[in-house]
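Chemist: So here's protein_9.cif, just mmCIF, C-alpha atoms:
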data_start
loop_
_atom_site.label_atom_id
_atom_site.label_comp_id
_atom_site.auth_asym_id
_atom_site.auth_seq_id
_atom_site.Cartn_x
_atom_site.Cartn_y
_atom_site.Cartn_z
CA MET A 1 0.00 0.00 0.00
CA SER A 2 1.32 3.42 -0.90
CA ASP A 3 1.92 6.16 1.69
CA ALA A 4 -0.96 8.11 0.15
CA MET A 5 -3.33 5.20 0.53
CA ALA A 6 -2.17 4.53 4.08
CA SER A 7 -2.78 8.15 5.07
CA SER A 8 -6.20 8.34 3.44
CA GLY A 9 -7.88 5.29 4.89
CA GLY A 10 -7.25 2.82 2.07
CA ILE A 11 -7.78 4.86 -1.11
CA GLY A 12 -5.30 6.76 -3.24
CA VAL A 13 -6.52 10.29 -2.51
CA GLY A 14 -6.97 12.16 0.71
CA PRO A 15 -8.02 13.26 3.18
CA TYR A 16 -10.63 10.50 3.09
CA ALA A 17 -13.10 9.02 5.55
CA GLU A 18 -15.98 6.59 5.31
CA LEU A 19 -19.40 7.40 6.74
CA THR A 20 -21.22 4.22 7.73
CA PHE A 21 -24.95 3.70 8.29
CA ASP A 22 -27.03 0.70 9.27
CA ALA A 23 -30.29 -0.34 7.60
CA ASP A 24 -32.30 2.02 9.83
CA GLY A 25 -30.18 5.04 8.90
CA ASP A 26 -28.29 5.15 12.19
CA VAL A 27 -24.77 6.45 11.73
CA ASP A 28 -21.63 4.91 13.19
CA LEU A 29 -20.52 7.74 15.48
CA GLY A 30 -16.83 7.01 15.00
CA THR A 31 -17.15 7.46 11.25
CA GLN A 32 -19.19 10.64 11.77
CA ASP A 33 -16.36 12.07 13.87
CA ALA A 34 -13.81 11.09 11.22
CA VAL A 35 -15.75 12.96 8.53
CA ALA A 36 -16.12 16.01 10.78
CA ALA A 37 -12.34 16.09 11.21
CA LEU A 38 -11.56 16.31 7.48
CA GLU A 39 -9.85 19.58 6.58
CA ALA A 40 -11.31 20.80 3.30
CA THR A 41 -13.02 23.66 1.54
CA ASP A 42 -15.12 21.27 -0.55
CA LEU A 43 -16.37 17.89 0.61
CA LEU A 44 -17.22 15.21 -1.98
CA VAL A 45 -19.81 12.82 -0.52
CA PHE A 46 -20.25 9.68 -2.64
CA ALA A 47 -22.87 7.02 -1.82
CA HIS A 48 -22.40 3.66 -3.53
CA GLY A 49 -25.27 1.70 -5.04
CA TRP A 50 -25.41 -2.06 -4.85
CA ASN A 51 -22.21 -3.81 -3.86
CA SER A 52 -21.07 -7.16 -2.55
CA ASP A 53 -19.04 -6.10 0.47
CA ARG A 54 -17.21 -3.20 2.06
CA SER A 55 -14.04 -3.81 0.03
CA THR A 56 -16.02 -3.42 -3.20
CA SER A 57 -17.34 -0.03 -2.12
CA THR A 58 -13.87 1.13 -1.05
CA ARG A 59 -12.40 0.09 -4.41
CA LEU A 60 -15.22 1.95 -6.15
CA PHE A 61 -14.51 5.12 -4.17
CA ASP A 62 -10.79 4.76 -4.92
CA ARG A 63 -11.34 4.39 -8.65
CA PHE A 64 -13.95 7.13 -8.97
CA TYR A 65 -12.08 9.66 -6.85
CA ALA A 66 -8.66 9.09 -8.48
CA PRO A 67 -8.85 11.87 -11.14
CA PHE A 68 -10.11 14.66 -8.87
CA PRO A 69 -6.82 16.08 -7.48
CA GLY A 70 -5.71 16.99 -11.01
CA LEU A 71 -9.00 18.61 -11.99
CA VAL A 72 -9.71 21.24 -9.31
CA GLY A 73 -8.47 24.80 -9.02
CA PRO A 74 -5.69 25.95 -6.67
CA GLY A 75 -8.11 27.43 -4.13
CA VAL A 76 -9.98 24.15 -3.68
CA ARG A 77 -8.98 21.71 -0.94
CA LEU A 78 -10.97 18.55 -1.41
CA GLY A 79 -12.11 16.18 1.28
CA TYR A 80 -13.37 12.76 0.20
CA VAL A 81 -16.20 10.82 1.86
CA GLY A 82 -17.47 7.36 1.02
CA VAL A 83 -21.00 6.64 2.25
CA VAL A 84 -21.31 2.95 3.16
CA TRP A 85 -24.74 1.42 3.76
CA PRO A 86 -26.14 -2.15 3.67
CA SER A 87 -26.76 -3.16 0.08
CA ILE A 88 -26.04 -6.18 -2.09
CA ARG A 89 -24.68 -7.03 -5.51
CA PHE A 90 -25.15 -10.43 -7.14
CA SER A 91 -21.97 -11.91 -8.57
CA ASP A 92 -23.46 -11.85 -12.08
CA GLU A 93 -23.74 -8.04 -12.01
CA PRO A 94 -20.25 -7.16 -13.22
CA ILE A 95 -18.52 -3.88 -12.45
CA PRO A 96 -16.33 -3.10 -15.48
CA ASP A 97 -12.60 -3.32 -14.65
CA PHE A 98 -13.39 -4.79 -11.22
CA ASP A 99 -14.48 -8.32 -12.03
CA PRO A 100 -12.41 -10.82 -14.02
CA HIS A 101 -13.37 -11.35 -17.65
CA GLY A 102 -15.92 -14.09 -17.95
CA ALA A 103 -17.20 -13.66 -14.39
CA LEU A 104 -20.79 -13.84 -15.62
CA ALA A 105 -22.54 -17.13 -15.18
CA GLU A 106 -23.19 -19.13 -18.31
CA PRO A 107 -26.66 -18.18 -19.63
CA GLY A 108 -29.18 -20.89 -18.96
CA HIS A 109 -26.94 -22.54 -16.38
CA GLY A 110 -26.42 -19.60 -14.09
CA THR A 111 -29.41 -19.86 -11.78
CA ALA A 112 -27.42 -21.42 -8.93
CA LEU A 113 -26.25 -18.98 -6.26
CA ASP A 114 -22.49 -18.97 -5.85
CA PRO A 115 -21.12 -19.07 -2.27
CA ALA A 116 -20.18 -15.39 -2.23
CA THR A 117 -23.67 -14.27 -3.25
CA LEU A 118 -25.27 -16.63 -0.73
CA ARG A 119 -23.06 -15.21 2.04
CA ALA A 120 -23.97 -11.67 0.96
CA LEU A 121 -27.67 -12.54 1.01
CA GLY A 122 -27.24 -13.91 4.53
CA GLU A 123 -25.78 -10.58 5.65
CA PHE A 124 -28.47 -8.63 3.80
CA TRP A 125 -31.26 -10.73 5.37
CA PRO A 126 -29.80 -11.82 8.73
CA GLY A 127 -31.45 -14.69 10.55
CA ARG A 128 -32.94 -16.21 7.38
CA VAL A 129 -30.46 -19.02 6.80
CA ALA A 130 -33.06 -21.76 6.40
CA GLU A 131 -35.10 -19.79 3.87
CA LEU A 132 -32.01 -18.82 1.87
CA ASP A 133 -30.70 -22.38 1.85
CA ARG A 134 -34.00 -23.59 0.40
CA VAL A 135 -34.04 -20.80 -2.18
CA ALA A 136 -30.50 -21.75 -3.20
CA GLU A 137 -31.48 -25.43 -3.44
CA LEU A 138 -34.41 -24.67 -5.73
CA LEU A 139 -32.32 -22.41 -7.97
CA GLU A 140 -29.64 -25.08 -8.29
CA ASP A 141 -32.00 -28.03 -8.92
CA ARG A 142 -34.50 -26.14 -11.15
CA PRO A 143 -37.33 -28.66 -10.66
CA GLU A 144 -39.94 -28.82 -13.41
CA SER A 145 -42.78 -28.39 -10.96
CA GLU A 146 -45.35 -25.66 -10.56
CA ALA A 147 -45.44 -26.42 -6.83
CA ALA A 148 -41.72 -25.67 -6.59
CA PHE A 149 -42.27 -22.25 -8.19
CA THR A 150 -45.12 -21.57 -5.77
CA GLU A 151 -42.83 -22.43 -2.85
CA PHE A 152 -40.07 -20.25 -4.27
CA GLY A 153 -42.41 -17.29 -4.68
CA ALA A 154 -43.59 -17.61 -1.08
CA LEU A 155 -40.02 -17.72 0.19
CA VAL A 156 -39.02 -14.63 -1.78
CA ARG A 157 -42.08 -12.74 -0.57
CA GLU A 158 -41.18 -13.64 3.02
CA LEU A 159 -37.57 -12.56 2.57
CA ALA A 160 -38.61 -9.25 1.04
CA GLY A 161 -40.95 -8.48 3.92
CA VAL A 162 -43.43 -6.86 1.57
CA ASP A 163 -46.52 -6.91 3.79
CA VAL A 164 -45.63 -4.26 6.37
CA VAL A 165 -43.33 -1.38 5.51
CA ASP A 166 -42.57 2.02 6.98
CA ALA A 167 -44.07 4.98 5.16
CA GLY A 168 -40.91 6.93 5.88
CA GLU A 169 -38.89 4.41 3.92
CA ALA A 170 -39.92 6.12 0.70
CA GLY A 171 -41.05 3.15 -1.34
CA ASP A 172 -42.59 3.97 -4.70
CA ASP A 173 -41.47 7.29 -6.10
CA VAL A 174 -44.99 8.47 -6.90
CA ASP A 175 -46.64 7.18 -3.74
CA PRO A 176 -48.07 9.97 -1.55
CA ALA A 177 -46.77 8.06 1.46
CA ASP A 178 -43.30 9.14 0.40
CA ALA A 179 -44.08 12.58 1.77
CA ALA A 180 -44.61 11.39 5.31
CA VAL A 181 -42.42 9.94 8.01
CA ALA A 182 -44.67 7.85 10.20
CA GLY A 183 -44.86 4.56 12.05
CA PRO A 184 -45.32 1.14 10.44
CA VAL A 185 -48.28 1.02 8.08
CA VAL A 186 -49.71 -1.58 5.76
CA ARG A 187 -49.35 -0.63 2.12
CA ASP A 188 -50.15 -2.28 -1.16
CA VAL A 189 -47.74 -5.08 -1.92
CA PRO A 190 -45.98 -4.70 -5.29
CA ALA A 191 -47.72 -6.99 -7.72
CA ILE A 192 -44.43 -8.56 -8.81
CA PHE A 193 -44.63 -10.42 -5.49
CA THR A 194 -48.34 -11.27 -5.66
CA LEU A 195 -49.12 -12.21 -9.26
CA ASP A 196 -48.95 -15.83 -10.32
CA VAL A 197 -45.30 -16.73 -9.84
CA LEU A 198 -45.03 -18.56 -13.18
CA GLU A 199 -46.40 -15.48 -14.97
CA VAL A 200 -43.85 -13.30 -13.20
CA CYS A 201 -40.96 -15.67 -13.90
CA ARG A 202 -41.97 -15.91 -17.55
CA ALA A 203 -41.98 -12.09 -17.87
CA LEU A 204 -38.63 -11.78 -16.09
CA THR A 205 -37.10 -14.50 -18.27
CA ALA A 206 -38.24 -12.54 -21.33
CA GLY A 207 -36.61 -9.47 -19.80
CA LEU A 208 -33.34 -11.38 -19.44
CA VAL A 209 -33.48 -12.36 -23.09
CA GLU A 210 -34.00 -8.70 -24.00
CA ALA A 211 -31.22 -7.53 -21.70
CA GLY A 212 -28.86 -9.99 -23.37
CA ALA A 213 -29.37 -8.27 -26.72
CA PRO A 214 -29.27 -4.50 -26.03
CA ASP A 215 -28.41 -3.69 -29.64
CA GLY A 216 -31.21 -5.78 -31.14
CA GLY A 217 -28.84 -8.48 -32.25
CA GLY A 218 -31.05 -11.41 -31.33
CA ALA A 219 -31.83 -13.29 -28.15
CA GLN A 220 -29.24 -14.06 -25.53
CA PRO A 221 -27.69 -17.45 -26.32
CA GLY A 222 -28.24 -20.34 -23.97
CA PHE A 223 -31.94 -20.14 -23.23
CA SER A 224 -35.23 -18.98 -24.68
CA LEU A 225 -38.85 -18.86 -23.62
CA ASP A 226 -39.41 -22.21 -25.33
CA GLY A 227 -37.34 -24.20 -22.86
CA GLY A 228 -40.13 -25.28 -20.52
CA LEU A 229 -40.33 -24.79 -16.79
CA ARG A 230 -36.59 -25.27 -16.23
CA THR A 231 -35.92 -22.18 -18.32
CA LEU A 232 -38.20 -20.11 -16.09
CA TRP A 233 -35.79 -20.54 -13.17
CA ASN A 234 -33.76 -17.84 -14.90
CA GLY A 235 -36.70 -15.54 -14.22
CA ALA A 236 -36.99 -16.94 -10.70
CA LYS A 237 -33.44 -15.86 -9.93
CA GLU A 238 -34.31 -12.43 -11.30
CA LEU A 239 -37.33 -12.36 -8.95
CA LEU A 240 -34.95 -12.91 -6.03
CA ARG A 241 -32.78 -10.10 -7.35
CA GLN A 242 -35.86 -7.87 -7.60
CA ALA A 243 -36.63 -8.61 -3.96
CA THR A 244 -33.20 -7.28 -2.98
CA TYR A 245 -33.76 -4.21 -5.21
CA TYR A 246 -37.12 -3.59 -3.54
CA GLN A 247 -35.51 -3.74 -0.11
CA MET A 248 -32.57 -1.56 -1.17
CA LYS A 249 -34.91 1.02 -2.66
CA ARG A 250 -36.79 1.37 0.62
CA ARG A 251 -33.57 1.29 2.63
CA ALA A 252 -31.88 3.94 0.49
CA GLY A 253 -34.68 6.41 1.24
CA VAL A 254 -34.31 5.78 4.97
CA VAL A 255 -30.52 6.10 4.97
CA GLY A 256 -30.72 9.33 2.99
CA GLU A 257 -33.51 11.10 4.85
CA ARG A 258 -32.91 9.87 8.39
CA GLY A 259 -29.17 9.25 8.24
CA LEU A 260 -27.06 11.12 5.73
CA GLY A 261 -29.23 14.25 5.61
CA PRO A 262 -29.15 15.00 9.35
CA VAL A 263 -25.43 14.17 9.60
CA LEU A 264 -24.60 16.66 6.84
CA ALA A 265 -26.93 19.29 8.33
CA GLU A 266 -25.15 19.00 11.67
CA LEU A 267 -21.74 19.19 10.00
CA ALA A 268 -22.77 22.28 8.04
CA GLY A 269 -24.03 23.91 11.22
CA ARG A 270 -20.62 23.47 12.81
CA ARG A 271 -18.66 24.47 9.69
CA PRO A 272 -20.77 26.99 7.76
CA ALA A 273 -18.09 27.71 5.15
CA LEU A 274 -17.87 24.07 4.06
CA ARG A 275 -19.15 23.37 0.53
CA ILE A 276 -20.74 19.92 0.12
CA HIS A 277 -21.08 18.10 -3.20
CA LEU A 278 -23.31 15.03 -3.32
CA ILE A 279 -22.59 12.09 -5.62
CA GLY A 280 -24.60 8.88 -5.79
CA HIS A 281 -24.64 5.79 -7.97
CA SER A 282 -27.74 3.64 -8.57
CA PHE A 283 -29.59 3.38 -5.24
CA GLY A 284 -26.85 5.59 -3.81
CA ALA A 285 -28.27 8.34 -6.02
CA ARG A 286 -31.51 7.79 -4.14
CA VAL A 287 -29.63 8.02 -0.83
CA VAL A 288 -28.12 11.43 -1.62
CA SER A 289 -31.34 12.73 -3.20
CA PHE A 290 -33.46 11.83 -0.20
CA SER A 291 -30.86 13.44 2.07
CA LEU A 292 -32.06 16.75 0.61
CA ARG A 293 -35.26 16.36 2.62
CA ALA A 294 -33.20 17.09 5.74
CA VAL A 295 -31.68 20.32 4.39
CA PRO A 296 -33.16 23.20 6.44
CA ASP A 297 -35.11 25.86 4.56
CA GLY A 298 -32.78 28.55 3.32
CA ALA A 299 -29.59 26.53 3.88
CA ARG A 300 -27.09 26.74 1.04
CA TYR A 301 -24.37 24.26 2.00
CA VAL A 302 -25.17 21.63 -0.67
CA LYS A 303 -23.49 23.09 -3.75
CA SER A 304 -24.15 20.34 -6.29
CA ALA A 305 -25.62 16.88 -6.70
CA THR A 306 -24.52 14.40 -9.37
CA LEU A 307 -26.71 11.33 -9.82
CA LEU A 308 -25.01 8.49 -11.68
CA GLN A 309 -27.44 5.94 -13.18
CA GLY A 310 -30.02 6.79 -10.54
CA ALA A 311 -32.35 3.90 -9.69
CA PHE A 312 -35.52 5.86 -8.96
CA SER A 313 -38.34 7.48 -10.89
CA HIS A 314 -37.61 10.01 -13.62
CA TYR A 315 -40.61 11.93 -12.24
CA ALA A 316 -39.15 12.18 -8.73
CA PHE A 317 -38.46 15.94 -8.94
CA ALA A 318 -41.69 16.82 -10.77
CA ASP A 319 -44.24 19.13 -9.13
CA ARG A 320 -47.02 17.40 -11.09
CA LEU A 321 -47.13 13.92 -12.55
CA PRO A 322 -48.25 13.64 -16.20
CA HIS A 323 -50.66 10.84 -15.32
CA ASP A 324 -51.89 12.40 -12.04
CA LYS A 325 -51.93 16.20 -12.03
CA GLY A 326 -52.90 16.26 -8.37
CA SER A 327 -49.70 14.56 -7.25
CA GLY A 328 -46.01 15.26 -7.50
CA GLY A 329 -42.86 13.19 -7.36
CA ALA A 330 -41.36 12.00 -4.11
CA LEU A 331 -38.66 14.70 -4.33
CA ARG A 332 -40.75 17.49 -5.80
CA GLY A 333 -38.97 20.79 -5.35
CA MET A 334 -35.95 19.25 -3.60
CA GLN A 335 -33.66 20.52 -6.37
CA ARG A 336 -34.24 23.99 -4.93
CA ARG A 337 -32.40 22.93 -1.76
CA VAL A 338 -29.20 22.64 -3.79
CA ASP A 339 -27.24 25.85 -4.28
CA GLY A 340 -26.19 24.64 -7.70
CA PRO A 341 -27.29 22.08 -10.29
CA VAL A 342 -28.70 18.59 -9.86
CA LEU A 343 -27.20 16.52 -12.67
CA ALA A 344 -29.04 13.34 -13.67
CA CYS A 345 -26.56 11.25 -15.66
CA HIS A 346 -28.23 8.62 -17.81
CA SER A 347 -27.22 6.03 -20.40
CA PRO A 348 -29.20 3.99 -22.93
CA TYR A 349 -26.82 1.07 -22.31
CA ASP A 350 -28.02 0.52 -18.73
CA SER A 351 -30.06 -2.70 -19.01
CA ALA A 352 -30.90 -2.74 -15.30
CA LEU A 353 -32.78 0.54 -15.63
CA LYS A 354 -33.87 0.19 -19.26
CA VAL A 355 -35.43 -3.26 -18.92
CA PHE A 356 -35.96 -4.38 -15.34
CA TYR A 357 -36.88 -1.15 -13.58
CA PRO A 358 -39.97 -0.50 -15.76
CA LEU A 359 -40.73 -4.21 -16.10
CA ALA A 360 -41.15 -4.63 -12.35
CA SER A 361 -43.29 -1.49 -12.19
CA ARG A 362 -45.40 -2.55 -15.17
CA MET A 363 -46.45 -5.63 -13.22
CA ALA A 364 -48.34 -3.40 -10.82
CA GLY A 365 -51.22 -3.69 -13.29
CA ASP A 366 -51.69 0.07 -13.49
CA SER A 367 -49.83 0.83 -16.69
CA ALA A 368 -52.72 1.02 -19.14
CA GLY A 369 -53.07 4.78 -18.90
CA LEU A 370 -52.29 7.57 -21.31
CA LEU A 371 -48.58 6.83 -21.10
CA GLY A 372 -46.77 3.72 -22.17
CA PHE A 373 -45.11 1.76 -19.38
CA GLY A 374 -41.63 2.91 -20.40
CA GLU A 375 -42.69 6.54 -19.97
CA ARG A 376 -44.80 6.01 -16.90
CA TRP A 377 -42.31 3.87 -15.02
CA GLY A 378 -38.94 5.01 -16.34
CA ALA A 379 -35.84 5.48 -14.19
CA ILE A 380 -33.95 8.75 -13.98
CA GLY A 381 -30.74 6.91 -14.83
CA HIS A 382 -32.22 5.64 -18.10
CA ASP A 383 -33.67 8.80 -19.67
CA GLY A 384 -32.98 11.63 -17.24
CA VAL A 385 -35.31 14.07 -15.50
CA GLN A 386 -38.87 14.17 -16.83
CA ALA A 387 -41.83 16.55 -16.30
CA VAL A 388 -39.72 19.34 -14.81
CA PRO A 389 -40.28 22.41 -17.01
CA GLY A 390 -37.17 24.13 -18.24
CA ALA A 391 -34.79 21.31 -17.29
CA PRO A 392 -32.17 21.18 -20.07
CA ARG A 393 -30.93 18.00 -21.72
CA LEU A 394 -27.24 17.92 -22.63
CA THR A 395 -24.77 15.50 -24.12
CA LEU A 396 -21.72 14.77 -22.02
CA ASP A 397 -19.51 16.48 -24.58
CA ALA A 398 -21.62 19.64 -24.52
CA ALA A 399 -21.69 19.70 -20.72
CA LEU A 400 -17.91 19.39 -20.49
CA ARG A 401 -17.25 21.84 -23.30
CA ALA A 402 -19.68 24.63 -22.39
CA GLY A 403 -20.44 23.91 -18.75
CA VAL A 404 -23.73 23.19 -17.00
CA PRO A 405 -26.44 25.55 -15.73
CA GLU A 406 -25.87 27.13 -12.34
CA ALA A 407 -29.01 25.67 -10.77
CA GLY A 408 -31.95 23.33 -11.27
CA CYS A 409 -32.30 19.85 -12.74
CA VAL A 410 -30.11 18.99 -15.73
CA SER A 411 -30.13 15.71 -17.68
CA VAL A 412 -26.78 14.63 -19.11
CA ASP A 413 -26.57 11.74 -21.58
CA THR A 414 -23.35 9.96 -20.59
CA GLY A 415 -23.80 7.05 -22.99
CA SER A 416 -20.61 8.05 -24.82
CA VAL A 417 -18.62 6.62 -21.87
CA VAL A 418 -21.16 4.67 -19.76
CA ARG A 419 -21.61 1.80 -22.20
CA ARG A 420 -19.72 -1.31 -21.04
CA GLY A 421 -21.07 -4.31 -19.18
CA GLY A 422 -22.83 -7.60 -19.81
CA PRO A 423 -26.27 -8.94 -18.95
CA PRO A 424 -28.31 -8.61 -16.86
CA SER A 425 -27.27 -5.09 -15.80
CA GLY A 426 -25.49 -3.78 -18.88
CA ALA A 427 -23.56 -0.56 -18.28
CA HIS A 428 -25.25 0.19 -14.97
CA SER A 429 -21.99 0.13 -13.01
CA ASP A 430 -19.67 1.53 -15.71
CA ILE A 431 -19.12 4.82 -13.89
CA CYS A 432 -15.38 5.09 -13.23
CA HIS A 433 -14.45 7.59 -15.93
CA GLU A 434 -12.49 10.84 -15.75
CA GLU A 435 -15.21 12.48 -17.83
CA LEU A 436 -17.71 11.89 -15.01
CA ALA A 437 -15.26 13.28 -12.46
CA ARG A 438 -14.92 16.38 -14.64
CA LEU A 439 -18.70 16.64 -14.70
CA VAL A 440 -18.81 16.68 -10.87
CA VAL A 441 -16.14 19.37 -10.84
CA ALA A 442 -18.07 21.44 -13.37
CA ALA A 443 -21.31 21.11 -11.40
CA GLY A 444 -19.57 22.24 -8.22
CA ARG A 445 -17.69 25.14 -9.84
CA MET A 446 -14.43 23.66 -8.59
CA GLY A 447 -12.43 23.69 -11.83
CA ARG A 448 -9.22 25.43 -12.74
#
Any chance you could put this one into structure tokens?

Modeler:
Amino acid sequence: MSDAMASSGGIGVGPYAELTFDADGDVDLGTQDAVAALEATDLLVFAHGWNSDRSTSTRLFDRFYAPFPGLVGPGVRLGYVGVVWPSIRFSDEPIPDFDPHGALAEPGHGTALDPATLRALGEFWPGRVAELDRVAELLEDRPESEAAFTEFGALVRELAGVDVVDAGEAGDDVDPADAAVAGPVVRDVPAIFTLDVLEVCRALTAGLVEAGAPDGGGAQPGFSLDGGLRTLWNGAKELLRQATYYQMKRRAGVVGERGLGPVLAELAGRRPALRIHLIGHSFGARVVSFSLRAVPDGARYVKSATLLQGAFSHYAFADRLPHDKGSGGALRGMQRRVDGPVLACHSPYDSALKVFYPLASRMAGDSAGLLGFGERWGAIGHDGVQAVPGAPRLTLDAALRAGVPEAGCVSVDTGSVVRRGGPPSGAHSDICHEELARLVVAAGRMGR
């Protein structure tokens, strides 16, 4: 390990500290103190999305932060923060340049859970060893039995805990319950967990075939919808993955609003000259966005927010929803709590957000309105901010060449660099590029 990495807590830039939260948004006080001690004019606060373990998140922070020292002006002293929270990444969701070539499971034979993923699931859902062992057994054996699928669906529903949730956990991005922080309440269970499990697995298997051919070059080799019940275990594994996404989505809202937001507000109160720049990837973009709910009225310490492949609704910042004029997005108006721009970086090569995010939402059975399901249920990391009047749409090249607006929501198509990755997630995690670091610097007015 280099001296620089040793002095910065394990990454190659410094000063650096990690800020750690549990699933309820409670902060580790030791990490909070470490962040408060960072000497900086500008603090970069990066929340990871899904990951497999703490080392993965640290490597991500190291790679993403590496270009920044050479990009900022002489009056800027950067401090680097990595926000660590309980999430999970399946082993078949590759991070470009992190995972060895060929790490993806063989299509059609990749339903079994490898030991690392099973261990990660055990940490994500503690105390559920028996249920997870049975899930793993079914995915490995792939029995041609409708009863086995019914059992699998019941196990996944139980693991996801979909019956009773907390309204403050910010579930669906257009649910009015997002606006409230209250005690446990019973809410509608997402239909992906309640429809006939074979129907769901068939739809998810079709989604996997589509995700395997993002350029329209034909179905993913190895399986098709004509392979009988054994083929549908590919969709069953995706249903398990969707259960973790559902839990992470809820958890990310909690960590942001109840954890990260108050911690940053307290820090800003103690150090009013500190400039804070939020960065989030995937569900981490949800974490940093929901942290804006804790910014006091009139406070100006958040100077920019950069959302990389954000895994939440493209209507989140809208005052009015196109399909429901009486309602707004879960984060309506929150962009005005940023004293600078909110950049929504999106890529057409992100299969996780292009295919599976709207597919899971479409199964709610409420998509036959004026809008097609892709429009109604799209993710901000797939096609940027929607239904926010006056929000510009820029290419990455234009944003880097001419700069970005000084305030408000801005959509930036980063598909020119965010384009690598295999099925099922595509380019969702292809975010370690100097161009994206330069975008953060431009948003925060930190450049040379």

Chemist: CA of Ser313 in chain A and CA of Trp125 in chain A, how far apart in Å?

Modeler: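 About the pair CA of Trp125 in chain A and CA of Ser313 in chain A: they are 25.4 Å apart.
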
Chemist: Find the spatial neighbours of Glu18 in chain A, counting all atoms listed in the file, within a cut-off of 12 Å - ignore same-chain residues fewer than 6 positions away - and output them as a PDB file with C-alpha atoms, keeping the file's coordinate frame.

Modeler:
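The new file selection37.pdb reads:
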ATOM      1  CA  SER A   8      -6.200   8.340   3.440  1.00  0.00           C
ATOM      2  CA  GLY A   9      -7.880   5.290   4.890  1.00  0.00           C
ATOM      3  CA  GLY A  10      -7.250   2.820   2.070  1.00  0.00           C
ATOM      4  CA  ILE A  11      -7.780   4.860  -1.110  1.00  0.00           C
ATOM      5  CA  VAL A  27     -24.770   6.450  11.730  1.00  0.00           C
ATOM      6  CA  ASP A  28     -21.630   4.910  13.190  1.00  0.00           C
ATOM      7  CA  LEU A  29     -20.520   7.740  15.480  1.00  0.00           C
ATOM      8  CA  GLY A  30     -16.830   7.010  15.000  1.00  0.00           C
ATOM      9  CA  THR A  31     -17.150   7.460  11.250  1.00  0.00           C
ATOM     10  CA  GLN A  32     -19.190  10.640  11.770  1.00  0.00           C
ATOM     11  CA  ASP A  33     -16.360  12.070  13.870  1.00  0.00           C
ATOM     12  CA  ALA A  34     -13.810  11.090  11.220  1.00  0.00           C
ATOM     13  CA  VAL A  35     -15.750  12.960   8.530  1.00  0.00           C
ATOM     14  CA  ALA A  36     -16.120  16.010  10.780  1.00  0.00           C
ATOM     15  CA  ALA A  37     -12.340  16.090  11.210  1.00  0.00           C
ATOM     16  CA  LEU A  38     -11.560  16.310   7.480  1.00  0.00           C
ATOM     17  CA  LEU A  44     -17.220  15.210  -1.980  1.00  0.00           C
ATOM     18  CA  VAL A  45     -19.810  12.820  -0.520  1.00  0.00           C
ATOM     19  CA  PHE A  46     -20.250   9.680  -2.640  1.00  0.00           C
ATOM     20  CA  ALA A  47     -22.870   7.020  -1.820  1.00  0.00           C
ATOM     21  CA  HIS A  48     -22.400   3.660  -3.530  1.00  0.00           C
ATOM     22  CA  ARG A  54     -17.210  -3.200   2.060  1.00  0.00           C
ATOM     23  CA  SER A  55     -14.040  -3.810   0.030  1.00  0.00           C
ATOM     24  CA  SER A  57     -17.340  -0.030  -2.120  1.00  0.00           C
ATOM     25  CA  THR A  58     -13.870   1.130  -1.050  1.00  0.00           C
ATOM     26  CA  PHE A  61     -14.510   5.120  -4.170  1.00  0.00           C
ATOM     27  CA  ASP A  62     -10.790   4.760  -4.920  1.00  0.00           C
ATOM     28  CA  GLY A  79     -12.110  16.180   1.280  1.00  0.00           C
ATOM     29  CA  TYR A  80     -13.370  12.760   0.200  1.00  0.00           C
ATOM     30  CA  VAL A  81     -16.200  10.820   1.860  1.00  0.00           C
ATOM     31  CA  GLY A  82     -17.470   7.360   1.020  1.00  0.00           C
ATOM     32  CA  VAL A  83     -21.000   6.640   2.250  1.00  0.00           C
ATOM     33  CA  VAL A  84     -21.310   2.950   3.160  1.00  0.00           C
ATOM     34  CA  TRP A  85     -24.740   1.420   3.760  1.00  0.00           C
ATOM     35  CA  LEU A 260     -27.060  11.120   5.730  1.00  0.00           C
TER      36      LEU A 260
END

Chemist: Identify, on the basis of only C-alpha atoms, every residue whose closest approach to Arg128 in chain A does not exceed 8 Å; exclude the query and any residue fewer than 4 positions from it along the same chain; express the result as a VMD selection string.

Modeler: chain A and resid 122 132 159

Chemist: What does the file look like for those residues with C-alpha atoms, as a PDB file, keeping the file's coordinate frame?

Modeler:
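Saved file again_27.pdb follows:
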ATOM      1  CA  GLY A 122     -27.240 -13.910   4.530  1.00  0.00           C
ATOM      2  CA  LEU A 132     -32.010 -18.820   1.870  1.00  0.00           C
ATOM      3  CA  LEU A 159     -37.570 -12.560   2.570  1.00  0.00           C
TER       4      LEU A 159
END

Chemist: Run the PyMOL selection byres ((chain A and resi 267) around 12) against the file shown and list the residues it catches, as a count of residues only.

Modeler: 27

Chemist: Given all atoms listed in the file as the basis, pick out the residue of A:Glu210, A:Arg134, A:Asp141, A:Trp377 nearest to Leu155 in chain A.

Modeler: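 Result for the nearest residue to Leu155 in chain A: A:Arg134.
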
Chemist: What is the distance between CA of Asp297 in chain A and CA of Arg337 in chain A, in Å to one decimal?

Modeler: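 Answer for the CA of Asp297 in chain A to CA of Arg337 in chain A separation: 7.5 Å.
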
Chemist: Can you turn the PyMOL selection byres ((chain A and resi 308) around 12) into a concrete residue list for this file, as a PyMOL selection string?

Modeler: chain A and resi 46-49+64+278-289+305-307+309-312+342-347+350+353+379-384+411-415+418+427-433+436-437+439-440

Chemist: Taking the file above as input, evaluate the PyMOL selection byres ((chain A and resi 41) around 6) and report the hits as JSON, numbers by chain.

Modeler: {"A": [40, 42, 77, 274]}
